[in-house]
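File shown here: structure_31.tsv, holding TSV, C-alpha atoms and all ligand atoms.
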```tsv
chain	number	residue	atom	x	y	z
A	246	MET	CA	13.31	-7.57	17.29
A	247	LEU	CA	12.15	-4.10	18.17
A	248	LYS	CA	14.27	-2.08	20.51
A	249	SER	CA	12.91	0.86	22.38
A	250	ARG	CA	14.63	4.08	21.56
A	251	VAL	CA	13.85	7.67	22.30
A	252	LEU	CA	13.41	10.08	19.44
A	253	PRO	CA	14.73	13.52	20.24
A	254	LEU	CA	12.03	16.17	20.34
A	255	THR	CA	13.62	18.08	17.46
A	256	LEU	CA	13.42	15.02	15.21
A	257	ILE	CA	9.75	14.56	15.98
A	258	ALA	CA	9.20	18.23	15.20
A	259	LEU	CA	10.98	17.85	11.86
A	260	LEU	CA	9.12	14.72	10.83
A	261	GLY	CA	5.76	15.86	12.13
A	262	GLY	CA	3.05	16.93	9.74
A	263	CYS	CA	4.41	14.93	6.78
A	264	ALA	CA	0.94	13.69	5.90
A	265	SER	CA	0.84	12.95	2.20
A	266	ASP	CA	-2.22	15.09	1.71
A	267	GLY	CA	-0.38	18.02	3.25
A	268	SER	CA	-2.75	18.24	6.19
A	269	PHE	CA	-1.29	19.23	9.51
A	270	ASP	CA	-3.30	19.21	12.69
A	271	THR	CA	-1.45	21.61	14.95
A	272	SER	CA	-3.61	20.79	17.98
A	273	SER	CA	-2.48	17.15	17.86
A	274	ALA	CA	1.07	18.11	17.03
A	275	LEU	CA	1.31	20.03	20.27
A	276	ILE	CA	0.63	16.88	22.32
A	277	VAL	CA	4.27	15.85	22.58
A	278	GLY	CA	4.94	15.01	26.19
A	279	ALA	CA	7.61	12.93	27.92
A	280	SER	CA	5.55	9.72	27.86
A	281	VAL	CA	4.90	10.12	24.16
A	282	LEU	CA	8.61	10.30	23.43
A	283	GLN	CA	9.02	6.73	24.71
A	284	ALA	CA	6.49	5.42	22.24
A	285	THR	CA	8.95	4.45	19.57
A	286	THR	CA	8.21	0.76	19.24
A	287	LEU	CA	5.04	-0.67	17.76
A	288	ASP	CA	3.22	-3.95	18.16
A	289	ALA	CA	2.96	-5.63	14.74
A	290	ARG	CA	-0.63	-6.77	15.22
A	291	SER	CA	-1.59	-3.31	16.32
A	292	VAL	CA	-0.15	-1.86	13.11
A	293	ARG	CA	-2.15	-4.32	10.99
A	294	GLU	CA	-5.35	-3.64	12.95
A	295	THR	CA	-4.82	0.07	12.45
A	296	ALA	CA	-4.32	-0.54	8.72
A	297	ALA	CA	-7.66	-2.40	8.64
A	298	LEU	CA	-9.40	0.49	10.40
A	299	SER	CA	-7.89	3.04	8.04
A	300	ALA	CA	-9.04	0.91	5.07
A	301	GLN	CA	-12.57	0.91	6.54
A	302	GLU	CA	-12.40	4.69	6.79
A	303	LEU	CA	-11.24	4.98	3.16
A	304	ASP	CA	-14.01	2.60	2.06
A	305	SER	CA	-16.54	4.88	3.76
A	306	GLN	CA	-15.16	7.87	1.82
A	307	SER	CA	-15.08	6.02	-1.51
A	308	GLN	CA	-17.59	4.75	-4.04
A	309	VAL	CA	-17.30	0.99	-3.65
A	310	ALA	CA	-18.63	-1.13	-6.52
A	311	ALA	CA	-21.10	-3.79	-5.37
A	312	GLN	CA	-19.78	-7.37	-5.54
A	313	THR	CA	-22.67	-8.17	-7.87
A	314	SER	CA	-21.88	-5.29	-10.25
A	315	ALA	CA	-19.97	-5.85	-13.50
A	316	TYR	CA	-16.78	-4.43	-11.98
A	317	GLY	CA	-17.22	-6.48	-8.79
A	318	GLN	CA	-17.65	-9.67	-10.76
A	319	GLN	CA	-14.73	-8.86	-13.06
A	320	LEU	CA	-12.46	-8.47	-10.02
A	321	GLN	CA	-13.73	-11.76	-8.54
A	322	ARG	CA	-12.89	-13.51	-11.83
A	323	ILE	CA	-9.40	-12.00	-11.90
A	324	ILE	CA	-8.48	-13.00	-8.33
A	325	GLN	CA	-10.09	-16.43	-8.49
A	326	GLY	CA	-7.74	-19.06	-7.06
A	327	LEU	CA	-5.40	-16.61	-5.31
A	328	ALA	CA	-4.39	-18.17	-2.02
A	329	PRO	CA	-4.33	-16.35	1.34
A	330	LEU	CA	-0.96	-14.86	2.16
A	331	ASP	CA	0.82	-16.71	4.97
A	332	GLY	CA	-2.27	-16.64	7.14
A	333	LEU	CA	-3.09	-13.06	6.19
A	334	SER	CA	-6.42	-13.03	4.43
A	335	LEU	CA	-6.64	-10.64	1.52
A	336	ASN	CA	-9.78	-8.62	0.97
A	337	TYR	CA	-10.60	-7.02	-2.34
A	338	LYS	CA	-12.90	-4.25	-3.47
A	339	VAL	CA	-13.30	-2.06	-6.56
A	340	TYR	CA	-13.48	1.70	-6.11
A	341	LEU	CA	-15.37	3.54	-8.82
A	342	SER	CA	-12.70	6.04	-9.79
A	343	ALA	CA	-11.40	7.57	-13.01
A	344	ASP	CA	-7.88	7.52	-11.59
A	345	ILE	CA	-5.93	4.50	-12.93
A	346	ASN	CA	-4.67	2.99	-9.69
A	347	ALA	CA	-4.52	0.04	-7.32
A	348	PHE	CA	-3.03	-0.26	-3.86
A	349	ALA	CA	-2.74	-2.58	-0.90
A	350	MET	CA	-2.41	-2.09	2.83
A	351	ALA	CA	-0.56	-3.93	5.59
A	352	ASP	CA	-3.62	-5.85	6.79
A	353	GLY	CA	-4.22	-7.44	3.37
A	354	THR	CA	-6.60	-4.82	2.01
A	355	VAL	CA	-6.41	-4.65	-1.79
A	356	ARG	CA	-8.31	-1.97	-3.69
A	357	VAL	CA	-8.52	-1.69	-7.47
A	358	HIS	CA	-9.89	1.37	-9.23
A	359	SER	CA	-12.46	0.80	-11.97
A	360	ALA	CA	-10.29	2.85	-14.36
A	361	LEU	CA	-7.53	0.24	-14.02
A	362	LEU	CA	-10.00	-2.52	-14.92
A	363	ASP	CA	-10.96	-0.48	-17.99
A	364	ALA	CA	-7.36	0.28	-18.95
A	365	MET	CA	-5.94	-3.21	-19.47
A	366	PRO	CA	-6.77	-6.89	-20.02
A	367	ASP	CA	-7.47	-9.07	-16.98
A	368	ASP	CA	-4.07	-10.78	-16.91
A	369	GLN	CA	-2.36	-7.38	-16.68
A	370	VAL	CA	-4.73	-6.35	-13.86
A	371	LEU	CA	-3.71	-9.54	-12.07
A	372	ALA	CA	-0.07	-8.53	-12.57
A	373	VAL	CA	-0.73	-5.14	-10.95
A	374	ILE	CA	-2.66	-6.83	-8.10
A	375	GLY	CA	0.23	-9.30	-7.69
A	376	HIS	CA	2.63	-6.37	-7.45
A	377	GLU	CA	0.47	-4.77	-4.73
A	378	ILE	CA	0.20	-8.08	-2.84
A	379	GLY	CA	4.00	-8.21	-3.10
A	380	HIS	CA	4.23	-4.95	-1.16
A	381	VAL	CA	2.13	-6.57	1.59
A	382	LYS	CA	3.93	-9.92	1.56
A	383	LEU	CA	7.37	-8.29	1.57
A	384	LYS	CA	6.23	-5.99	4.41
A	385	HIS	CA	6.80	-2.77	2.48
A	386	SER	CA	3.23	-1.68	3.33
A	387	TYR	CA	3.71	-2.61	6.96
A	388	HIS	CA	6.92	-0.59	7.29
A	389	GLN	CA	5.35	2.38	5.49
A	390	MET	CA	2.44	2.52	7.94
A	391	LYS	CA	4.65	1.93	10.95
A	392	GLN	CA	6.91	4.76	9.82
A	393	VAL	CA	4.00	7.19	9.55
A	394	LEU	CA	2.65	6.14	12.96
A	395	LEU	CA	6.03	6.60	14.61
A	396	THR	CA	7.17	9.79	12.93
A	397	ASN	CA	4.09	11.86	12.17
A	398	ALA	CA	3.26	14.10	15.13
A	399	LEU	CA	-0.44	13.48	14.43
A	400	PHE	CA	-0.04	10.01	15.94
A	401	GLN	CA	2.38	10.65	18.79
A	402	GLY	CA	-0.41	10.81	21.34
A	403	ALA	CA	-2.00	7.61	20.06
A	404	VAL	CA	0.96	5.25	20.43
A	405	GLY	CA	1.28	3.82	23.93
A	406	VAL	CA	4.53	2.90	25.67
A	407	GLY	CA	3.87	-0.82	25.07
A	408	GLY	CA	3.66	-0.20	21.34
A	409	THR	CA	-0.09	-0.58	21.06
A	410	ILE	CA	-2.10	2.02	19.22
A	411	GLY	CA	-5.00	3.70	20.96
A	412	SER	CA	-8.21	4.74	19.30
A	413	LEU	CA	-7.73	7.07	16.38
A	414	THR	CA	-10.17	9.64	15.03
A	415	SER	CA	-11.65	9.13	11.58
A	416	SER	CA	-9.54	12.07	10.42
A	417	GLN	CA	-6.36	10.35	11.66
A	418	LEU	CA	-7.43	7.07	10.02
A	419	GLY	CA	-8.11	8.95	6.79
A	420	THR	CA	-4.65	10.52	6.87
A	421	LEU	CA	-3.11	7.07	7.41
A	422	ALA	CA	-5.08	5.58	4.52
A	423	HIS	CA	-4.08	8.39	2.16
A	424	SER	CA	-0.44	7.95	3.14
A	425	ALA	CA	-0.72	4.26	2.21
A	426	VAL	CA	-2.41	5.01	-1.13
A	427	ASN	CA	0.25	7.57	-2.01
A	428	ALA	CA	3.18	5.64	-0.55
A	429	HIS	CA	6.45	6.05	-2.36
A	430	PHE	CA	8.44	2.88	-1.99
A	431	SER	CA	12.10	2.66	-2.87
A	432	GLN	CA	13.05	1.50	-6.35
A	433	ALA	CA	14.44	-1.70	-4.79
A	434	ASP	CA	11.07	-2.37	-3.12
A	435	GLU	CA	9.22	-1.75	-6.40
A	436	LEU	CA	11.45	-4.18	-8.29
A	437	GLU	CA	11.00	-6.79	-5.55
A	438	ALA	CA	7.23	-6.40	-5.84
A	439	ASP	CA	7.49	-6.80	-9.64
A	440	GLU	CA	9.44	-10.03	-9.18
A	441	PHE	CA	6.83	-11.26	-6.69
A	442	ALA	CA	4.12	-10.53	-9.29
A	443	VAL	CA	6.01	-12.41	-12.02
A	444	GLN	CA	6.20	-15.48	-9.76
A	445	LEU	CA	2.55	-15.13	-8.76
A	446	LEU	CA	1.47	-15.01	-12.41
A	447	GLN	CA	3.38	-18.19	-13.13
A	448	ARG	CA	1.90	-19.95	-10.07
A	449	GLN	CA	-1.57	-18.96	-11.28
A	450	GLY	CA	-0.86	-20.47	-14.68
A	451	LYS	CA	-0.81	-17.03	-16.38
A	452	ASP	CA	1.75	-15.54	-18.72
A	453	PRO	CA	4.40	-13.82	-16.54
A	454	TYR	CA	4.99	-11.33	-19.39
A	455	ALA	CA	1.64	-9.78	-18.37
A	456	MET	CA	3.66	-7.91	-15.72
A	457	LYS	CA	5.82	-6.34	-18.40
A	458	ARG	CA	2.80	-5.56	-20.54
A	459	SER	CA	1.00	-3.91	-17.60
A	460	VAL	CA	3.91	-1.48	-17.18
A	461	GLU	CA	3.89	-0.78	-20.92
A	462	THR	CA	0.13	-0.16	-20.86
A	463	LEU	CA	0.52	2.25	-17.94
A	464	MET	CA	3.40	4.03	-19.67
A	465	LYS	CA	1.13	4.57	-22.69
A	466	LYS	CA	-1.72	5.87	-20.53
A	467	HIS	CA	0.35	7.90	-18.08
A	468	GLY	CA	3.48	8.91	-19.95
A	469	ARG	CA	6.61	8.36	-17.93
A	470	GLY	CA	5.23	8.95	-14.46
A	471	GLY	CA	2.14	9.05	-12.31
A	472	GLY	CA	0.47	6.59	-9.96
A	473	PHE	CA	1.82	3.08	-10.21
A	474	LEU	CA	4.86	4.23	-12.21
A	475	SER	CA	5.82	7.28	-10.18
A	476	SER	CA	8.54	5.78	-8.02
A	477	HIS	CA	10.53	4.53	-10.96
A	478	PRO	CA	13.20	6.83	-12.31
A	479	SER	CA	13.49	4.63	-15.38
A	480	ASN	CA	10.70	2.41	-16.60
A	481	ASP	CA	13.03	0.95	-19.25
A	482	ASP	CA	15.20	-0.30	-16.40
A	483	ARG	CA	12.10	-1.65	-14.70
A	484	ILE	CA	11.10	-3.59	-17.80
A	485	ALA	CA	14.62	-4.99	-18.15
A	486	ARG	CA	14.46	-6.14	-14.52
A	487	ILE	CA	11.05	-7.77	-15.11
A	488	GLU	CA	12.45	-9.66	-18.11
A	489	ASP	CA	15.34	-10.71	-15.93
A	490	ALA	CA	12.95	-12.00	-13.25
A	491	ILE	CA	11.03	-13.95	-15.90
A	492	SER	CA	14.23	-15.54	-17.20
A	493	ARG	CA	14.94	-16.81	-13.67
A	494	LEU	CA	11.57	-18.60	-13.42
A	495	ARG	CA	11.78	-22.36	-13.32
B	1	ZN	ZN	4.65	-0.58	-6.11
```

Same coordinates, now as structure tokens:
Amino acid sequence: MLKSRVLPLTLIALLGGCASDGSFDTSSALIVGASVLQATTLDARSVRETAALSAQELDSQSQVAAQTSAYGQQLQRIIQGLAPLDGLSLNYKVYLSADINAFAMADGTVRVHSALLDAMPDDQVLAVIGHEIGHVKLKHSYHQMKQVLLTNALFQGAVGVGGTIGSLTSSQLGTLAHSAVNAHFSQADELEADEFAVQLLQRQGKDPYAMKRSVETLMKKHGRGGGFLSSHPSNDDRIARIEDAISRLR
């Protein structure tokens, strides 16, 4: 139920240029005309298609492990038997990266860094993947991307009055992808995604405590913050909430 509303120019100016990588394209930011101000609603399919295009752009900038490589095959083993998500097909790749991380995007893109595969046993990787799928399933990823498209001045010229998104440059798609990778979800969203992962582990016949262990592994590797853990003020609270979610499993 999306209602059209008009953002005041000052608000757009304030929110503009909030790209996570700090980049700010002033030439695009200046394209804020009357028609652009009406573009405050977005077509859901258009958002997901844009997410897919930004994932393609990120793939082209990244070192993707071949499916036949050891990392590619390890990931295939880990995700074996995972069902599509309410009609949304999930697509998985490994990025060769020393940064311990994994992320998902609104179209069902899931990317796992090789350092994460090296950092923990497979059931814990599945827990992290389940958490990322949770962000997609619970629409956190969708709302994050929609928010960037609607509020970052870089995209004001690209969103049409009907809510469809016009063609974006590779630089714009790159900015969108980086905002998704570095998304900071609310603590409530993170805990919801943890609970989703606990349930997914159980459905897959795995030990749901792998979710708890994955957080503990990351705390050991990262200290109290960084990457996957960064949006949590208290990881002890997070672990308590995971145990709580496990106790509610039937
Ligand atoms: Zn998360």

Quick one: residues within 9 Å of ligand ZN 1 (chain B), with only C-alpha atoms and all ligand atoms, as a PyMOL selection string?
-> chain A and resi 348+373+376-377+379-380+428-432+434-439+473-476

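Of the residues under consideration (A:Val370, A:Val292, A:Leu413, A:Val357), A:Val357 shows the shortest atom-to-atom contact distance to Gln308 of chain A when counting only C-alpha atoms.
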
For the atom pair atom CA of Ala398 of chain A and atom CA of Thr420 of chain A, what is the interatomic distance in Å to one decimal place?
->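 According to the coordinates, atom CA of Ala398 of chain A and atom CA of Thr420 of chain A are separated by 12.0 Å.
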
Find, counting only C-alpha atoms, the residue in A:Val393, A:Leu421, A:Ala372, A:Leu327 that gets nearest to Ile487 of chain A.
->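 Smallest separation from Ile487 of chain A among the options: A:Ala372.
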
What separation in Å, quoted to one decimal, exists between atom CA of Met350 of chain A and atom CA of Tyr337 of chain A?
->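 The value is 10.9 Å.
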
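What separates atom CA of Gln369 of chain A from atom CA of Tyr454 of chain A is a distance of 8.8 Å.
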
Listed atoms of segment 435-440 of chain A, axis-aligned box, 6 Å per side: centre and edge lengths to one decimal in Å, as AutoDock Vina command-line options?
```
--center_x 9.3 --center_y -5.9 --center_z -7.6 --size_x 16.2 --size_y 20.3 --size_z 16.1
```

May I have the residues at most 12 Å from (-8.2, -2.1, 13.0) in the file's coordinates, counting only C-alpha atoms, as a ChimeraX atom specification?
-> /A:289-302,350-354,409-413,415,418,421-422

Closest of A:Ser334, A:Ser424, A:Ser342, A:Gln447 to Gly375 of chain A - atom-to-atom distances counting all atoms listed in the file =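 Ranking A:Ser334, A:Ser424, A:Ser342, A:Gln447 by distance to Gly375 of chain A, first place goes to A:Gln447.
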
Could segment 355-386 of chain A be completed with N, CA and C atoms and written as a PDB file, keeping the file's coordinate frame, please?
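Saved result, out00.pdb, follows:
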```pdb
ATOM      1  N   VAL A 355      -6.805  -4.944  -0.408  1.00  0.00           N
ATOM      2  CA  VAL A 355      -6.410  -4.650  -1.790  1.00  0.00           C
ATOM      3  C   VAL A 355      -7.565  -3.907  -2.447  1.00  0.00           C
ATOM      4  N   ARG A 356      -7.278  -2.756  -3.019  1.00  0.00           N
ATOM      5  CA  ARG A 356      -8.310  -1.970  -3.690  1.00  0.00           C
ATOM      6  C   ARG A 356      -7.871  -1.678  -5.123  1.00  0.00           C
ATOM      7  N   VAL A 357      -8.797  -1.879  -6.051  1.00  0.00           N
ATOM      8  CA  VAL A 357      -8.520  -1.690  -7.470  1.00  0.00           C
ATOM      9  C   VAL A 357      -9.502  -0.649  -8.003  1.00  0.00           C
ATOM     10  N   HIS A 358      -8.996   0.362  -8.657  1.00  0.00           N
ATOM     11  CA  HIS A 358      -9.890   1.370  -9.230  1.00  0.00           C
ATOM     12  C   HIS A 358     -10.516   0.857 -10.519  1.00  0.00           C
ATOM     13  N   SER A 359     -11.764   1.255 -10.753  1.00  0.00           N
ATOM     14  CA  SER A 359     -12.460   0.800 -11.970  1.00  0.00           C
ATOM     15  C   SER A 359     -11.701   1.223 -13.226  1.00  0.00           C
ATOM     16  N   ALA A 360     -11.020   2.392 -13.174  1.00  0.00           N
ATOM     17  CA  ALA A 360     -10.290   2.850 -14.360  1.00  0.00           C
ATOM     18  C   ALA A 360      -9.158   1.896 -14.725  1.00  0.00           C
ATOM     19  N   LEU A 361      -8.584   1.221 -13.732  1.00  0.00           N
ATOM     20  CA  LEU A 361      -7.530   0.240 -14.020  1.00  0.00           C
ATOM     21  C   LEU A 361      -8.135  -0.969 -14.736  1.00  0.00           C
ATOM     22  N   LEU A 362      -9.325  -1.387 -14.281  1.00  0.00           N
ATOM     23  CA  LEU A 362     -10.000  -2.520 -14.920  1.00  0.00           C
ATOM     24  C   LEU A 362     -10.351  -2.190 -16.370  1.00  0.00           C
ATOM     25  N   ASP A 363     -10.634  -0.906 -16.620  1.00  0.00           N
ATOM     26  CA  ASP A 363     -10.960  -0.480 -17.990  1.00  0.00           C
ATOM     27  C   ASP A 363      -9.720  -0.333 -18.860  1.00  0.00           C
ATOM     28  N   ALA A 364      -8.564  -0.124 -18.203  1.00  0.00           N
ATOM     29  CA  ALA A 364      -7.360   0.280 -18.950  1.00  0.00           C
ATOM     30  C   ALA A 364      -6.582  -0.878 -19.550  1.00  0.00           C
ATOM     31  N   MET A 365      -6.802  -2.092 -19.049  1.00  0.00           N
ATOM     32  CA  MET A 365      -5.940  -3.210 -19.470  1.00  0.00           C
ATOM     33  C   MET A 365      -6.676  -4.541 -19.386  1.00  0.00           C
ATOM     34  N   PRO A 366      -6.161  -5.555 -20.110  1.00  0.00           N
ATOM     35  CA  PRO A 366      -6.770  -6.890 -20.020  1.00  0.00           C
ATOM     36  C   PRO A 366      -6.613  -7.486 -18.612  1.00  0.00           C
ATOM     37  N   ASP A 367      -7.426  -8.505 -18.339  1.00  0.00           N
ATOM     38  CA  ASP A 367      -7.470  -9.070 -16.980  1.00  0.00           C
ATOM     39  C   ASP A 367      -6.124  -9.604 -16.493  1.00  0.00           C
ATOM     40  N   ASP A 368      -5.333 -10.209 -17.411  1.00  0.00           N
ATOM     41  CA  ASP A 368      -4.070 -10.780 -16.910  1.00  0.00           C
ATOM     42  C   ASP A 368      -3.103  -9.660 -16.472  1.00  0.00           C
ATOM     43  N   GLN A 369      -3.196  -8.500 -17.105  1.00  0.00           N
ATOM     44  CA  GLN A 369      -2.360  -7.380 -16.680  1.00  0.00           C
ATOM     45  C   GLN A 369      -2.856  -6.796 -15.351  1.00  0.00           C
ATOM     46  N   VAL A 370      -4.182  -6.793 -15.158  1.00  0.00           N
ATOM     47  CA  VAL A 370      -4.730  -6.350 -13.860  1.00  0.00           C
ATOM     48  C   VAL A 370      -4.219  -7.279 -12.764  1.00  0.00           C
ATOM     49  N   LEU A 371      -4.221  -8.583 -13.058  1.00  0.00           N
ATOM     50  CA  LEU A 371      -3.710  -9.540 -12.070  1.00  0.00           C
ATOM     51  C   LEU A 371      -2.236  -9.262 -11.763  1.00  0.00           C
ATOM     52  N   ALA A 372      -1.483  -8.865 -12.785  1.00  0.00           N
ATOM     53  CA  ALA A 372      -0.070  -8.530 -12.570  1.00  0.00           C
ATOM     54  C   ALA A 372       0.054  -7.340 -11.603  1.00  0.00           C
ATOM     55  N   VAL A 373      -0.764  -6.319 -11.824  1.00  0.00           N
ATOM     56  CA  VAL A 373      -0.730  -5.140 -10.950  1.00  0.00           C
ATOM     57  C   VAL A 373      -1.155  -5.538  -9.524  1.00  0.00           C
ATOM     58  N   ILE A 374      -2.207  -6.359  -9.419  1.00  0.00           N
ATOM     59  CA  ILE A 374      -2.660  -6.830  -8.100  1.00  0.00           C
ATOM     60  C   ILE A 374      -1.539  -7.643  -7.439  1.00  0.00           C
ATOM     61  N   GLY A 375      -0.877  -8.497  -8.227  1.00  0.00           N
ATOM     62  CA  GLY A 375       0.230  -9.300  -7.690  1.00  0.00           C
ATOM     63  C   GLY A 375       1.342  -8.415  -7.161  1.00  0.00           C
ATOM     64  N   HIS A 376       1.618  -7.335  -7.885  1.00  0.00           N
ATOM     65  CA  HIS A 376       2.630  -6.370  -7.450  1.00  0.00           C
ATOM     66  C   HIS A 376       2.226  -5.754  -6.096  1.00  0.00           C
ATOM     67  N   GLU A 377       0.947  -5.373  -5.986  1.00  0.00           N
ATOM     68  CA  GLU A 377       0.470  -4.770  -4.730  1.00  0.00           C
ATOM     69  C   GLU A 377       0.510  -5.787  -3.593  1.00  0.00           C
ATOM     70  N   ILE A 378       0.121  -7.031  -3.870  1.00  0.00           N
ATOM     71  CA  ILE A 378       0.200  -8.080  -2.840  1.00  0.00           C
ATOM     72  C   ILE A 378       1.664  -8.266  -2.432  1.00  0.00           C
ATOM     73  N   GLY A 379       2.569  -8.122  -3.403  1.00  0.00           N
ATOM     74  CA  GLY A 379       4.000  -8.210  -3.100  1.00  0.00           C
ATOM     75  C   GLY A 379       4.419  -7.197  -2.053  1.00  0.00           C
ATOM     76  N   HIS A 380       3.899  -5.976  -2.170  1.00  0.00           N
ATOM     77  CA  HIS A 380       4.230  -4.950  -1.160  1.00  0.00           C
ATOM     78  C   HIS A 380       3.764  -5.379   0.237  1.00  0.00           C
ATOM     79  N   VAL A 381       2.626  -6.099   0.290  1.00  0.00           N
ATOM     80  CA  VAL A 381       2.130  -6.570   1.590  1.00  0.00           C
ATOM     81  C   VAL A 381       2.996  -7.726   2.090  1.00  0.00           C
ATOM     82  N   LYS A 382       3.188  -8.703   1.211  1.00  0.00           N
ATOM     83  CA  LYS A 382       3.930  -9.920   1.560  1.00  0.00           C
ATOM     84  C   LYS A 382       5.369  -9.584   1.988  1.00  0.00           C
ATOM     85  N   LEU A 383       5.975  -8.642   1.292  1.00  0.00           N
ATOM     86  CA  LEU A 383       7.370  -8.290   1.570  1.00  0.00           C
ATOM     87  C   LEU A 383       7.472  -7.208   2.650  1.00  0.00           C
ATOM     88  N   LYS A 384       6.320  -6.902   3.263  1.00  0.00           N
ATOM     89  CA  LYS A 384       6.230  -5.990   4.410  1.00  0.00           C
ATOM     90  C   LYS A 384       6.542  -4.531   4.077  1.00  0.00           C
ATOM     91  N   HIS A 385       6.572  -4.178   2.807  1.00  0.00           N
ATOM     92  CA  HIS A 385       6.800  -2.770   2.480  1.00  0.00           C
ATOM     93  C   HIS A 385       5.650  -1.923   3.035  1.00  0.00           C
ATOM     94  N   SER A 386       4.415  -2.431   2.877  1.00  0.00           N
ATOM     95  CA  SER A 386       3.230  -1.680   3.330  1.00  0.00           C
ATOM     96  C   SER A 386       3.236  -1.548   4.848  1.00  0.00           C
TER      97      SER A 386
END
```
